[in-house]
Amino acid sequence: MASLGLKQLGGAHRPAADPAGLRCRRRPGLSPPGRVGFRVLASGDRAEPDLSVTVNGLHMPNPFVIGSGPPGTNYTVMKRAFDEGWGAVIAKTVSLEADKVINVTPRYARLRAGVNGSAKGQIIGWENIELISDRPLETMLKEFKQLKEEYPDRILIASIMEEYNKAAWEELIDRVEQSGVDAIEINFSCPHGMPERKMGAAVGQDCALLEEVCGWINAKATIPVWAKMTPNITDITQPARVALNSGCEGVSAINTIMSVMGINLETLRPEPCVEGYSTPGGYSSKAVHPIALAKVMSIAKMMKSEFDDKDHTLSAIGGVETGGDAAEFILLGADTVQVRQGISYCYISLECL
């Protein structure tokens, strides 16, 4: 029986990846490398299918990416992800001043399928109120450098977020690039990411602010930049369009959905509950998959109609638990698919895909 595989589509206009570091540095006046395409091939043998992709000049063994979050917290879990065969790893979001980040416990709540949230029902949703990395930036940068030294041919992407301050953004980009990462994902989308400091979704929901900050970032960055979009907005194509027009090579979507998981009817407190208090947080996992599909489809259609130069890419996120879930995103126009909390949090394994 013939086997099916995904084969990357080549093109004369697509520059080859950098053979030394497999990283693409942009040059003034030059377009970024081409967008990846796929073709399904049938063959009569049992050879392993070729799932390799090249996205913005970054060569990956497959399009499956560990998204920014718990699976990218430190060197140990990111190393494990590379060892398990993931196509790329996006580290947990970092900023200049980790001492301003205070993560509380507990910071997760779950939704189960079943009558009245039966404790025996399948978990279909997670809410988190976790902030970005609270580890010192210098520690994270040292671990990025160590990972690139040990896995020079693997793709490591830094996720960054900073206050509304041009000098701070420029310093953070410079320090992160010096660690040797291959690309940068900008967190414009965390729904509870310190909005009082104009961080996270506070930027992604304000297109004028987004355009200004993207301008700062892309004037400084010398490696590919992806802008991570928030779903907590009426029309997600608007910030995606602004990010691409402002110089970003790609967009990622979606981040978590603003939510209140529920109220404990015995304690009369919201969940997750921290010493009697809580706050709305980000909703993720299987239950958000249909919403993510719709958001990704909207962005893909916009990109095809307005940016059909093959130079911009789309990384899809949201409720991926199986290979079928990932394939749906690719069929809608995504170039890569990210997995964050859920199966990756527990196992960091490609076997489920």
# chains A, B, ... in the order shown; residues from 1 in each chain; ligands from 1
call {"tool": "closest_atom_pairs", "arguments": {"of": "stretch 160-231 of chain A", "to": "stretch 249-261 of chain A", "cutoff": "7 Å", "atoms": "only C-alpha atoms", "output": "JSON lines"}}
result
{"residue": "A:Ser189", "atom": "CA", "partner": "A:Asn255", "partner_atom": "CA", "distance": 6.0}
{"residue": "A:Cys190", "atom": "CA", "partner": "A:Asn255", "partner_atom": "CA", "distance": 6.6}
{"residue": "A:Pro191", "atom": "CA", "partner": "A:Met258", "partner_atom": "CA", "distance": 5.9}
{"residue": "A:Pro224", "atom": "CA", "partner": "A:Glu249", "partner_atom": "CA", "distance": 6.0}
{"residue": "A:Val225", "atom": "CA", "partner": "A:Glu249", "partner_atom": "CA", "distance": 5.6}
{"residue": "A:Trp226", "atom": "CA", "partner": "A:Gly250", "partner_atom": "CA", "distance": 4.4}
{"residue": "A:Ala227", "atom": "CA", "partner": "A:Val251", "partner_atom": "CA", "distance": 4.6}
{"residue": "A:Lys228", "atom": "CA", "partner": "A:Ser252", "partner_atom": "CA", "distance": 4.4}
{"residue": "A:Met229", "atom": "CA", "partner": "A:Ala253", "partner_atom": "CA", "distance": 5.1}
{"residue": "A:Thr230", "atom": "CA", "partner": "A:Asn255", "partner_atom": "CA", "distance": 5.4}
{"residue": "A:Pro231", "atom": "CA", "partner": "A:Ile254", "partner_atom": "CA", "distance": 5.8}
call {"tool": "write_last_selection", "arguments": {"atoms": "C-alpha atoms", "output": "mmCIF file, in the first residue's frame"}}
result
data_model
loop_
_atom_site.group_PDB
_atom_site.id
_atom_site.type_symbol
_atom_site.label_atom_id
_atom_site.label_comp_id
_atom_site.auth_asym_id
_atom_site.auth_seq_id
_atom_site.Cartn_x
_atom_site.Cartn_y
_atom_site.Cartn_z
ATOM 1 C CA SER A 189 -1.057 38.588 23.187
ATOM 2 C CA CYS A 190 -0.881 37.361 26.782
ATOM 3 C CA PRO A 191 -4.377 38.242 28.117
ATOM 4 C CA PRO A 224 13.213 36.713 11.574
ATOM 5 C CA VAL A 225 10.437 38.158 13.755
ATOM 6 C CA TRP A 226 7.013 36.588 14.372
ATOM 7 C CA ALA A 227 4.240 38.578 16.048
ATOM 8 C CA LYS A 228 1.980 36.516 18.298
ATOM 9 C CA MET A 229 -1.659 37.553 17.993
ATOM 10 C CA THR A 230 -4.366 37.783 20.635
ATOM 11 C CA PRO A 231 -7.802 36.254 19.932
#
call {"tool": "select_by_dssp", "arguments": {"residues": "stretch 94-175 of chain A", "states": "strand (DSSP E)", "output": "ChimeraX atom specification"}}
result
/A:108-112,123-128,155-160
call {"tool": "write_last_selection", "arguments": {"atoms": "C-alpha atoms", "output": "PDB file, in the first residue's frame"}}
result
ATOM      1  CA  TYR A 108      -4.166  26.628  36.791  1.00  0.00           C
ATOM      2  CA  ALA A 109      -7.817  25.574  36.696  1.00  0.00           C
ATOM      3  CA  ARG A 110      -9.403  22.927  34.488  1.00  0.00           C
ATOM      4  CA  LEU A 111     -12.712  22.272  32.797  1.00  0.00           C
ATOM      5  CA  ARG A 112     -13.993  18.719  32.526  1.00  0.00           C
ATOM      6  CA  ILE A 123     -10.316  17.509  30.731  1.00  0.00           C
ATOM      7  CA  ILE A 124     -11.197  19.691  27.740  1.00  0.00           C
ATOM      8  CA  GLY A 125      -9.998  23.102  28.901  1.00  0.00           C
ATOM      9  CA  TRP A 126      -7.345  24.772  31.016  1.00  0.00           C
ATOM     10  CA  GLU A 127      -7.216  28.289  32.389  1.00  0.00           C
ATOM     11  CA  ASN A 128      -3.911  29.746  33.544  1.00  0.00           C
ATOM     12  CA  ILE A 155      15.763  25.908  15.585  1.00  0.00           C
ATOM     13  CA  LEU A 156      15.483  27.813  18.874  1.00  0.00           C
ATOM     14  CA  ILE A 157      13.169  30.814  18.993  1.00  0.00           C
ATOM     15  CA  ALA A 158      13.119  33.371  21.798  1.00  0.00           C
ATOM     16  CA  SER A 159       9.779  34.770  22.937  1.00  0.00           C
ATOM     17  CA  ILE A 160      10.106  38.300  24.286  1.00  0.00           C
TER      18      ILE A 160
END
call {"tool": "residues_around", "arguments": {"residues": "A:Glu211", "least_positions_apart": "5", "cutoff": "8 Å", "atoms": "only C-alpha atoms", "output": "ChimeraX atom specification"}}
result
/A:242-243,246
call {"tool": "write_last_selection", "arguments": {"atoms": "N, CA, C and O atoms", "output": "PDB file, in the first residue's frame"}}
result
ATOM      1  N   VAL A 242      -1.222  44.753  10.480  1.00  0.00           N
ATOM      2  CA  VAL A 242      -0.323  45.803  10.970  1.00  0.00           C
ATOM      3  C   VAL A 242       1.069  45.234  11.227  1.00  0.00           C
ATOM      4  O   VAL A 242       2.082  45.844  10.844  1.00  0.00           O
ATOM      5  N   ALA A 243       1.140  44.073  11.873  1.00  0.00           N
ATOM      6  CA  ALA A 243       2.440  43.469  12.178  1.00  0.00           C
ATOM      7  C   ALA A 243       3.222  43.158  10.909  1.00  0.00           C
ATOM      8  O   ALA A 243       4.427  43.431  10.815  1.00  0.00           O
ATOM      9  N   SER A 246       4.451  46.191   9.169  1.00  0.00           N
ATOM     10  CA  SER A 246       5.491  46.866   9.949  1.00  0.00           C
ATOM     11  C   SER A 246       6.812  46.112   9.943  1.00  0.00           C
ATOM     12  O   SER A 246       7.732  46.476  10.679  1.00  0.00           O
TER      13      SER A 246
END
call {"tool": "select_by_dssp", "arguments": {"residues": "stretch 102-239 of chain A", "states": "helix (DSSP H, G or I)", "output": "PyMOL selection string"}}
result
chain A and resi 115-117+137-150+166-178+195-197+201-204+207-220+237-239
call {"tool": "closest_residue", "arguments": {"among": "A:Gly67, A:Tyr75, A:Met302, A:Glu84", "to": "A:Gly318", "atoms": "only C-alpha atoms"}}
result
A:Gly67
call {"tool": "closest_residue", "arguments": {"among": "A:Ile317, A:Ile186, A:Ile217, A:Ile173", "to": "A:Pro290", "atoms": "only C-alpha atoms"}}
result
A:Ile317
call {"tool": "atom_distance", "arguments": {"atom1": "atom CA of A:Ala219", "atom2": "atom CA of A:Ile90"}}
result
22.0 Å
call {"tool": "residues_around", "arguments": {"residues": "A:Ser52", "least_positions_apart": "3", "cutoff": "6 Å", "atoms": "only C-alpha atoms", "output": "list in words"}}
result
Met60, Pro61 and Asn62 of chain A
call {"tool": "residues_around", "arguments": {"residues": "A:Gly180", "least_positions_apart": "2", "cutoff": "10 Å", "atoms": "only C-alpha atoms", "output": "MDAnalysis selection string"}}
result
chainID A and resid 21 23 141:142 144:149 152 156:158 175:178 182:183
